[in-house]
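Raw contents of entry34.csv, CSV, C-alpha atoms:
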```
chain,number,residue,atom,x,y,z
P,1,MET,CA,-72.7,28.6,15.9
P,2,LYS,CA,-69.7,29.2,18.0
P,3,ILE,CA,-68.2,25.8,17.1
P,4,PHE,CA,-67.6,26.9,13.4
P,5,LYS,CA,-65.3,29.6,14.6
P,6,LYS,CA,-63.0,27.1,16.3
P,7,ASN,CA,-59.6,26.9,14.6
P,8,SER,CA,-59.6,23.1,14.1
P,9,ALA,CA,-57.6,22.8,10.8
P,10,PHE,CA,-54.4,24.1,9.3
P,11,THR,CA,-54.5,27.1,7.0
P,12,LEU,CA,-53.1,26.9,3.5
P,13,VAL,CA,-50.2,29.1,4.6
P,14,GLU,CA,-49.3,26.8,7.5
P,15,ILE,CA,-49.4,23.8,5.3
P,16,LEU,CA,-47.2,25.5,2.7
P,17,VAL,CA,-44.7,26.6,5.3
P,18,VAL,CA,-44.5,23.1,6.8
P,19,CYS,CA,-44.2,21.5,3.4
P,20,GLY,CA,-41.4,24.0,2.5
P,21,ILE,CA,-39.5,23.3,5.7
P,22,ALA,CA,-40.0,19.5,5.4
P,23,THR,CA,-38.8,19.6,1.8
P,24,VAL,CA,-35.6,21.5,2.7
P,25,PHE,CA,-34.9,19.1,5.6
P,26,LEU,CA,-35.6,16.0,3.4
P,27,ALA,CA,-33.6,17.3,0.5
P,28,THR,CA,-30.6,18.1,2.8
P,29,ALA,CA,-30.9,14.7,4.4
P,30,ILE,CA,-31.1,12.8,1.1
P,31,MET,CA,-28.2,14.8,-0.4
P,32,LEU,CA,-26.1,14.1,2.7
P,33,PHE,CA,-27.0,10.4,2.7
P,34,THR,CA,-26.3,10.1,-1.1
P,35,ASN,CA,-22.9,11.8,-0.7
P,36,PHE,CA,-22.0,9.6,2.2
P,37,ARG,CA,-23.2,6.5,0.4
P,38,ARG,CA,-21.2,7.3,-2.7
P,39,GLY,CA,-18.1,8.2,-0.7
P,40,PHE,CA,-18.4,5.0,1.3
P,41,SER,CA,-18.8,2.9,-1.9
P,42,ARG,CA,-15.8,4.6,-3.4
P,43,SER,CA,-13.7,4.0,-0.2
P,44,GLU,CA,-14.8,0.4,-0.1
P,45,GLY,CA,-13.6,-0.1,-3.7
P,46,THR,CA,-10.3,1.7,-2.9
P,47,ALA,CA,-9.8,-0.5,0.2
P,48,ILE,CA,-10.4,-3.7,-1.9
P,49,LEU,CA,-7.9,-2.5,-4.5
P,50,MET,CA,-5.4,-1.7,-1.8
P,51,GLN,CA,-5.9,-5.0,-0.2
P,52,GLU,CA,-5.5,-7.0,-3.4
P,53,GLY,CA,-2.4,-4.9,-4.4
P,54,ALA,CA,-0.8,-5.3,-1.0
P,55,LEU,CA,-1.4,-9.1,-0.9
P,56,PHE,CA,0.0,-9.5,-4.5
P,57,VAL,CA,3.1,-7.5,-3.7
P,58,ALA,CA,3.7,-9.3,-0.4
P,59,ARG,CA,3.4,-12.6,-2.2
P,60,LEU,CA,5.8,-11.6,-5.0
P,61,ARG,CA,8.2,-10.1,-2.5
P,62,ASN,CA,8.2,-13.2,-0.4
P,63,ASP,CA,8.8,-15.4,-3.4
P,64,LEU,CA,11.6,-13.2,-4.7
P,65,ASN,CA,13.3,-13.1,-1.4
P,66,ASN,CA,13.4,-16.9,-1.4
P,67,ALA,CA,14.3,-17.2,-5.1
P,68,VAL,CA,17.6,-19.0,-5.7
P,69,LEU,CA,19.9,-19.6,-8.6
P,70,VAL,CA,19.9,-23.2,-9.7
P,71,PRO,CA,22.4,-24.8,-12.2
P,72,VAL,CA,21.2,-24.4,-15.7
P,73,ILE,CA,19.9,-27.6,-17.1
P,74,ALA,CA,19.6,-28.2,-20.8
P,75,GLY,CA,16.0,-27.3,-21.8
P,76,ASN,CA,15.2,-25.7,-18.5
P,77,ASP,CA,14.6,-22.1,-19.4
P,78,GLN,CA,13.0,-21.3,-16.0
P,79,ALA,CA,16.2,-22.0,-14.1
P,80,GLN,CA,17.1,-18.3,-13.7
P,81,LEU,CA,15.2,-15.1,-13.2
P,82,ASN,CA,13.6,-14.1,-16.4
P,83,SER,CA,11.1,-11.3,-17.1
P,84,THR,CA,9.1,-10.5,-20.2
P,85,PRO,CA,6.1,-8.1,-20.4
P,86,ASP,CA,3.7,-10.8,-19.5
P,87,ARG,CA,5.8,-13.3,-17.6
P,88,LEU,CA,8.1,-13.4,-14.6
P,89,SER,CA,9.8,-16.7,-13.8
P,90,PHE,CA,12.4,-17.8,-11.4
P,91,SER,CA,13.3,-20.7,-9.1
P,92,LEU,CA,12.0,-20.8,-5.5
P,93,TYR,CA,13.4,-22.9,-2.7
P,94,SER,CA,10.5,-24.9,-1.4
P,95,SER,CA,11.1,-26.0,2.2
P,96,ARG,CA,8.1,-28.4,1.9
P,97,GLU,CA,9.7,-30.3,-1.0
P,98,ALA,CA,13.3,-29.5,0.0
P,99,LYS,CA,14.2,-28.5,-3.6
P,100,ALA,CA,14.0,-25.6,-6.0
P,101,LEU,CA,10.7,-25.3,-7.8
P,102,PRO,CA,10.0,-23.1,-10.9
P,103,VAL,CA,7.6,-20.3,-10.1
P,104,VAL,CA,5.8,-18.4,-12.9
P,105,TYR,CA,3.9,-15.2,-12.6
P,106,ARG,CA,1.7,-14.4,-15.6
P,107,TYR,CA,0.0,-11.2,-16.5
P,108,GLN,CA,-2.9,-11.3,-18.9
P,109,ALA,CA,-3.8,-7.9,-20.1
P,110,SER,CA,-7.3,-7.0,-21.0
P,111,GLU,CA,-9.3,-3.9,-21.9
P,112,ASN,CA,-11.8,-4.7,-19.1
P,113,GLY,CA,-9.0,-5.1,-16.6
P,114,GLY,CA,-6.1,-7.6,-16.6
P,115,SER,CA,-5.4,-10.5,-14.3
P,116,VAL,CA,-2.3,-11.9,-12.7
P,117,PHE,CA,-1.8,-15.6,-12.1
P,118,ARG,CA,0.9,-17.6,-10.3
P,119,ARG,CA,2.0,-21.2,-10.8
P,120,GLU,CA,4.5,-23.1,-8.5
P,121,GLY,CA,6.0,-26.3,-9.7
P,122,ASN,CA,3.4,-28.7,-11.1
P,123,ASP,CA,0.5,-27.1,-9.3
P,124,ASN,CA,-2.4,-25.6,-11.1
P,125,GLU,CA,-2.2,-21.9,-12.0
P,126,ARG,CA,-3.9,-19.7,-9.4
P,127,VAL,CA,-5.5,-16.3,-9.8
P,128,LEU,CA,-3.9,-13.6,-7.7
P,129,ILE,CA,-5.8,-10.6,-9.1
P,130,LYS,CA,-8.8,-10.9,-11.4
P,131,ASP,CA,-9.9,-8.3,-13.9
P,132,ARG,CA,-8.5,-5.3,-11.9
P,133,VAL,CA,-5.0,-4.7,-13.3
P,134,ALA,CA,-5.0,-1.6,-15.5
P,135,SER,CA,-1.2,-1.8,-16.1
P,136,LEU,CA,1.6,-3.9,-14.8
P,137,THR,CA,5.4,-3.9,-15.6
P,138,TRP,CA,8.1,-6.0,-14.0
P,139,GLN,CA,11.6,-5.3,-15.2
P,140,THR,CA,14.7,-7.1,-14.1
P,141,GLU,CA,17.7,-4.8,-13.6
P,142,LEU,CA,21.2,-6.0,-13.1
P,143,GLU,CA,23.8,-3.4,-11.9
P,144,ARG,CA,27.5,-3.8,-11.2
P,145,PHE,CA,29.3,-1.5,-8.8
P,146,VAL,CA,33.1,-1.5,-9.1
P,147,GLU,CA,35.5,0.5,-6.9
P,148,PRO,CA,37.7,2.8,-8.9
P,149,ASP,CA,41.2,1.4,-9.4
P,150,SER,CA,39.9,-2.0,-8.3
P,151,THR,CA,40.8,-5.2,-10.0
P,152,SER,CA,37.9,-7.1,-8.5
P,153,SER,CA,34.7,-7.7,-10.4
P,154,GLY,CA,32.7,-5.6,-8.0
P,155,THR,CA,29.3,-6.0,-6.4
P,156,VAL,CA,26.4,-7.2,-8.5
P,157,ARG,CA,22.9,-6.1,-7.6
P,158,LEU,CA,19.8,-7.6,-9.1
P,159,SER,CA,16.4,-6.0,-8.6
P,160,ILE,CA,12.9,-6.1,-10.1
P,161,ALA,CA,11.3,-2.8,-10.8
P,162,LEU,CA,7.6,-3.1,-10.3
P,163,ASP,CA,5.0,-0.6,-11.6
P,164,MET,CA,1.4,-1.5,-11.1
P,165,GLN,CA,-2.0,0.2,-11.3
P,166,LEU,CA,-5.2,-1.5,-10.2
P,167,GLU,CA,-8.6,-0.2,-11.1
P,168,MET,CA,-12.2,-1.2,-10.5
P,169,GLN,CA,-14.2,-1.9,-13.6
P,170,THR,CA,-16.7,0.9,-12.6
P,171,GLY,CA,-13.8,3.4,-12.7
P,172,SER,CA,-15.3,5.6,-10.0
P,173,GLU,CA,-13.0,4.4,-7.3
P,174,LYS,CA,-9.5,5.8,-6.7
P,175,PRO,CA,-7.0,3.6,-8.5
P,176,PHE,CA,-4.3,1.9,-6.5
P,177,LEU,CA,-0.8,2.8,-7.7
P,178,LEU,CA,2.3,1.1,-6.7
P,179,LYS,CA,5.9,1.6,-7.8
P,180,THR,CA,8.8,0.0,-6.0
P,181,SER,CA,11.9,-2.1,-6.5
P,182,ILE,CA,12.3,-5.6,-5.0
P,183,PHE,CA,15.8,-6.9,-4.2
P,184,PRO,CA,15.9,-10.7,-4.0
P,185,ALA,CA,18.2,-11.2,-1.0
P,186,ARG,CA,19.2,-14.8,-1.6
P,187,LEU,CA,19.8,-14.3,-5.3
P,188,ASN,CA,22.0,-11.3,-4.6
P,189,ARG,CA,24.0,-13.2,-2.0
P,190,GLN,CA,24.5,-16.0,-4.4
P,191,LEU,CA,25.5,-13.7,-7.2
P,192,ASN,CA,28.1,-12.1,-5.0
P,193,VAL,CA,29.7,-15.2,-3.6
P,194,PRO,CA,33.5,-14.9,-4.3
U,1,MET,CA,-63.6,20.2,24.7
U,2,ASN,CA,-61.4,23.1,25.6
U,3,ASN,CA,-61.1,25.4,22.6
U,4,GLN,CA,-57.8,26.7,23.9
U,5,GLN,CA,-56.2,23.3,23.8
U,6,ARG,CA,-53.3,23.1,21.3
U,7,GLN,CA,-54.0,21.0,18.3
U,8,GLY,CA,-50.4,20.6,16.9
U,9,LEU,CA,-46.8,21.2,17.7
U,10,SER,CA,-45.3,24.6,18.1
U,11,MET,CA,-42.3,25.7,15.9
U,12,LEU,CA,-40.1,25.6,19.0
U,13,GLU,CA,-41.0,21.9,19.6
U,14,ILE,CA,-40.2,21.0,16.0
U,15,VAL,CA,-36.9,22.9,16.1
U,16,PHE,CA,-35.9,21.1,19.3
U,17,SER,CA,-36.9,17.6,17.9
U,18,VAL,CA,-35.0,18.2,14.7
U,19,GLY,CA,-32.0,19.3,16.7
U,20,ILE,CA,-32.1,16.2,18.8
U,21,LEU,CA,-32.6,14.0,15.7
U,22,ALA,CA,-29.6,15.7,14.1
U,23,LEU,CA,-27.5,15.0,17.2
U,24,ILE,CA,-28.5,11.4,17.1
U,25,MET,CA,-27.7,11.1,13.4
U,26,LEU,CA,-24.3,12.9,13.6
U,27,PRO,CA,-22.4,9.8,14.9
U,28,VAL,CA,-23.9,7.7,12.2
U,29,PHE,CA,-22.6,10.1,9.5
U,30,MET,CA,-19.3,10.4,11.4
U,31,THR,CA,-18.7,6.6,11.0
U,32,PHE,CA,-18.8,7.0,7.2
U,33,SER,CA,-16.3,9.8,7.2
U,34,SER,CA,-14.0,8.1,9.8
U,35,GLY,CA,-14.1,5.0,7.6
U,36,ASN,CA,-12.8,7.1,4.7
U,37,ARG,CA,-10.1,8.7,6.8
U,38,ASN,CA,-9.0,5.3,8.1
U,39,ILE,CA,-8.6,4.0,4.5
U,40,MET,CA,-6.4,7.1,3.7
U,41,LEU,CA,-4.3,6.4,6.8
U,42,THR,CA,-3.9,2.7,5.8
U,43,GLU,CA,-2.8,3.8,2.4
U,44,GLY,CA,-0.2,6.1,4.0
U,45,GLU,CA,1.1,3.3,6.2
U,46,PHE,CA,1.3,1.0,3.2
U,47,ARG,CA,3.4,3.5,1.3
U,48,ALA,CA,5.7,3.9,4.3
U,49,HIS,CA,6.0,0.1,4.7
U,50,THR,CA,6.8,-0.3,1.0
U,51,ALA,CA,9.4,2.5,1.1
U,52,ALA,CA,11.0,0.9,4.3
U,53,LEU,CA,11.1,-2.5,2.6
U,54,GLU,CA,12.7,-1.1,-0.5
U,55,LEU,CA,15.5,0.5,1.5
U,56,MET,CA,15.9,-2.4,3.9
U,57,GLU,CA,16.1,-5.0,1.1
U,58,GLN,CA,18.8,-3.3,-0.9
U,59,ILE,CA,21.0,-3.0,2.2
U,60,VAL,CA,20.4,-6.6,3.3
U,61,SER,CA,21.1,-7.9,-0.3
U,62,LEU,CA,24.6,-6.5,-0.2
U,63,PRO,CA,27.6,-8.6,0.7
U,64,PHE,CA,28.3,-8.4,4.5
U,65,LYS,CA,31.5,-6.4,4.2
U,66,GLN,CA,29.7,-3.8,2.0
U,67,ILE,CA,27.1,-3.0,4.7
U,68,SER,CA,28.9,0.0,6.2
U,69,THR,CA,28.1,0.9,9.8
U,70,GLY,CA,26.8,4.4,10.4
U,71,GLU,CA,23.8,6.7,10.4
U,72,TYR,CA,22.4,8.1,7.3
U,73,ALA,CA,20.0,11.0,7.2
U,74,ASP,CA,17.3,11.6,4.6
U,75,ALA,CA,19.5,14.1,2.7
U,76,GLU,CA,22.1,11.3,2.3
U,77,ILE,CA,19.6,8.7,1.1
U,78,ILE,CA,19.0,9.9,-2.5
U,79,ASN,CA,18.1,7.9,-5.5
U,80,GLY,CA,21.4,7.4,-7.4
U,81,GLY,CA,23.4,8.8,-4.5
U,82,PRO,CA,26.2,6.7,-3.0
U,83,PHE,CA,25.6,4.4,0.0
U,84,ALA,CA,28.4,5.1,2.5
U,85,ALA,CA,31.5,5.9,0.5
U,86,GLY,CA,30.3,3.9,-2.5
U,87,PRO,CA,30.6,2.3,-5.0
U,88,VAL,CA,27.1,1.0,-4.3
U,89,LEU,CA,24.4,3.5,-5.2
U,90,PHE,CA,20.9,3.9,-3.6
U,91,LYS,CA,18.0,2.9,-5.8
U,92,LEU,CA,14.8,4.5,-4.5
U,93,THR,CA,11.4,5.1,-5.8
U,94,PRO,CA,10.5,8.8,-5.5
U,95,ALA,CA,7.9,9.3,-2.8
U,96,LYS,CA,6.2,12.6,-1.7
U,97,ASP,CA,5.9,13.6,1.9
U,98,LEU,CA,8.1,10.8,3.1
U,99,TRP,CA,11.5,10.9,4.8
U,100,ARG,CA,13.9,8.1,5.3
U,101,GLU,CA,16.6,7.4,7.9
U,102,LEU,CA,19.0,4.5,8.1
U,103,LYS,CA,21.1,3.3,11.0
U,104,ILE,CA,23.5,0.4,10.8
U,105,GLU,CA,25.2,-0.9,14.0
U,106,ASP,CA,27.7,-3.7,14.6
U,107,ILE,CA,26.9,-6.5,17.0
U,108,LYS,CA,30.2,-8.0,18.2
U,109,ARG,CA,31.1,-11.2,20.0
U,110,ASP,CA,34.7,-12.0,21.0
U,111,ASN,CA,35.7,-8.8,19.1
U,112,LYS,CA,34.3,-10.1,15.9
U,113,ILE,CA,31.3,-8.6,14.1
U,114,VAL,CA,28.8,-11.3,14.0
U,115,PHE,CA,25.7,-9.3,13.0
U,116,LYS,CA,24.8,-5.9,11.6
U,117,LYS,CA,21.6,-4.4,13.0
U,118,VAL,CA,19.8,-2.4,10.3
U,119,THR,CA,17.2,0.0,11.3
U,120,VAL,CA,15.1,1.9,8.8
U,121,THR,CA,12.9,4.8,9.9
U,122,ILE,CA,10.3,6.3,7.7
U,123,LYS,CA,8.6,9.5,8.6
U,124,PHE,CA,5.4,10.3,6.6
U,125,THR,CA,2.5,12.6,6.7
U,126,ALA,CA,-0.7,11.0,8.1
U,127,THR,CA,-2.8,12.0,5.2
U,128,LYS,CA,-2.4,14.1,2.0
U,129,ASN,CA,-1.6,17.8,2.8
U,130,SER,CA,-1.6,17.0,6.5
U,131,ASP,CA,0.9,18.5,8.9
U,132,ARG,CA,0.8,15.5,11.2
U,133,VAL,CA,3.9,13.4,10.8
U,134,ARG,CA,4.0,9.7,11.8
U,135,GLU,CA,6.9,7.4,12.2
U,136,PHE,CA,7.5,3.8,11.1
U,137,PHE,CA,10.4,1.6,12.2
U,138,MET,CA,11.7,-1.6,10.6
U,139,LYS,CA,14.6,-3.5,12.1
U,140,THR,CA,16.5,-6.6,11.0
U,141,LEU,CA,19.8,-8.4,11.6
U,142,VAL,CA,22.2,-9.5,8.9
U,143,ALA,CA,24.5,-12.4,9.8
U,144,ASN,CA,28.1,-12.4,9.0
U,145,GLU,CA,28.4,-15.4,6.7
U,146,ASN,CA,32.2,-15.2,6.6
U,147,ILE,CA,32.7,-16.6,10.2
```

Starting from the file, lay out its structure as structure tokens.
Amino acid sequence: MKIFKKNSAFTLVEILVVCGIATVFLATAIMLFTNFRRGFSRSEGTAILMQEGALFVARLRNDLNNAVLVPVIAGNDQAQLNSTPDRLSFSLYSSREAKALPVVYRYQASENGGSVFRREGNDNERVLIKDRVASLTWQTELERFVEPDSTSSGTVRLSIALDMQLEMQTGSEKPFLLKTSIFPARLNRQLNVP
Amino acid sequence: MNNQQRQGLSMLEIVFSVGILALIMLPVFMTFSSGNRNIMLTEGEFRAHTAALELMEQIVSLPFKQISTGEYADAEIINGGPFAAGPVLFKLTPAKDLWRELKIEDIKRDNKIVFKKVTVTIKFTATKNSDRVREFFMKTLVANENI
């Protein structure tokens, strides 16, 4: 019968060709999507690290710019600016309480990512960065610049050298690196008062 | 039923439809890559902002009489190099693809310098290995505490 000669189905070659083309398209699409997804995830992690690092530095910079020297009182070891590998303490003028309050930044190192905490006055310690600090150093540096042939004591400059690296626990994201110096304006002005 | 009627799609139709689909999907994929690029740009801006603050703060922290008026080009703003005629030295964190400029102007009233206007300009490349240079300004006033 004539009806059996009608080409009503695909041949094996047609199906194989279509499958081959579809496979190539699908593989390319999946590869592209996976790469974009991975890149997006990595960028998202990098953005989170950058945001946390930037907020931390802005907070520390703001605190240090408002740091003041207070008269040393017996037993009050937080009166001046002190730095140890895991602690940075100084006095901050609080406009809310109209007095200088001790502020302590504490770094808790850990293999799975360290954390940074901040305490002001008698308030509870608050977490600034949790489990994302790969390394952190804050070093107080005091310099004195004296004019040659001068009898004056010169200019004193206090600064805090900050070196920080933030990492996600997964480790696939780009780490956030920050190295800078912070110059507490009020403290320096107080130090240079004749 | 007409035996000549087409039963499926021709290759040309498939190629066209895939092409249209690709054009539709392109902006979707572009949003991913532009997101990445924006993060890189933000990182560059943050670096520039940090460098500007570092330079600005060390000038502002000096006693008023030590803030010497003048313009300082990138070649004069070197880590360990003198600020103005000295004795104060610049303290700067090394930064790649970043150029600093400093301008200090007097603001006078009744022939007395009441303020110093400090302007820090940072020029930096938009992204790593990019030729596009962007500029960032930071300005502040320092009051003369001696009057």

Exercise. Using all atoms listed in the file, select each residue of chain P with any atom at most 8 Å away from an atom of chain U, and give the selection as a list in words.
Key: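 Close to chain U, chain P has Lys6, Ser8, Phe36, Gly39, Phe40, Ser43, Thr46, Ala47, Met50, Ala54, Phe145, Val146, Glu147, Thr155, Arg157, Lys179, Thr180, Ser181, Ile182, Phe183, Pro184, Ala185, Arg186, Asn188, Arg189 and Asn192 of chain P.
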
Self-check item: Separation of CA of Gly44 in chain U from CA of Lys123 in chain U in Å
Solution: 10.5 Å

Quiz item: Which of these, P:Leu49, P:Leu81, P:Cys19, P:Leu158, has the shortest distance to Ala134 in chain P once you count only C-alpha atoms?
Solution: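 Ranking P:Leu49, P:Leu81, P:Cys19, P:Leu158 by distance to Ala134 in chain P, first place goes to P:Leu49.
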
Practice problem: With all atoms listed in the file counted, which protein, DNA or RNA residues have an atom no more than 10 Å from (1.0, 14.1, -0.3) in the file frame? Please answer as a PyMOL selection string. | Solution: chain U and resi 44+95-98+124-130

Self-check item: Separation of CA of Gly70 in chain U from CA of Ile104 in chain U, in Å and rounded to one decimal
Solution: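 Between CA of Gly70 in chain U and CA of Ile104 in chain U the gap is 5.2 Å.
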
Exercise. Quote the spacing between CA of Thr140 in chain U and CA of Leu60 in chain P in Å to one decimal place.
Key: 19.9 Å

Quiz item: How would you write as an MDAnalysis selection string the residues that get within 6 Å of (23.3, 1.4, 6.0) in the file's frame, counting all atoms listed in the file?
Solution: chainID U and resid 67:68 102:104

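Closest to Arg132 in chain U among U:Leu41, U:His49, U:Ser17, U:Ile24 is U:Leu41, based on all atoms listed in the file.
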
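Using all atoms listed in the file, the nearest neighbour of Gly154 in chain P within the list P:Leu191, P:Leu136, P:Leu88, P:Leu64 is P:Leu191.
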
Exercise. Extract, using all atoms listed in the file, all DNA, RNA and protein residues at most 7 Å from Tyr93 in chain P, discarding same-chain residues fewer than 6 positions from it, and format them as a PyMOL selection string.
Key: chain P and resi 66-68+99-101

Quiz prompt | Selected residue of minimal separation from Lys65 in chain U among U:Val28, U:Val133, U:Leu21, U:Ile147, counting all atoms listed in the file | solution =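 The answer is U:Ile147, which sits nearest to Lys65 in chain U.
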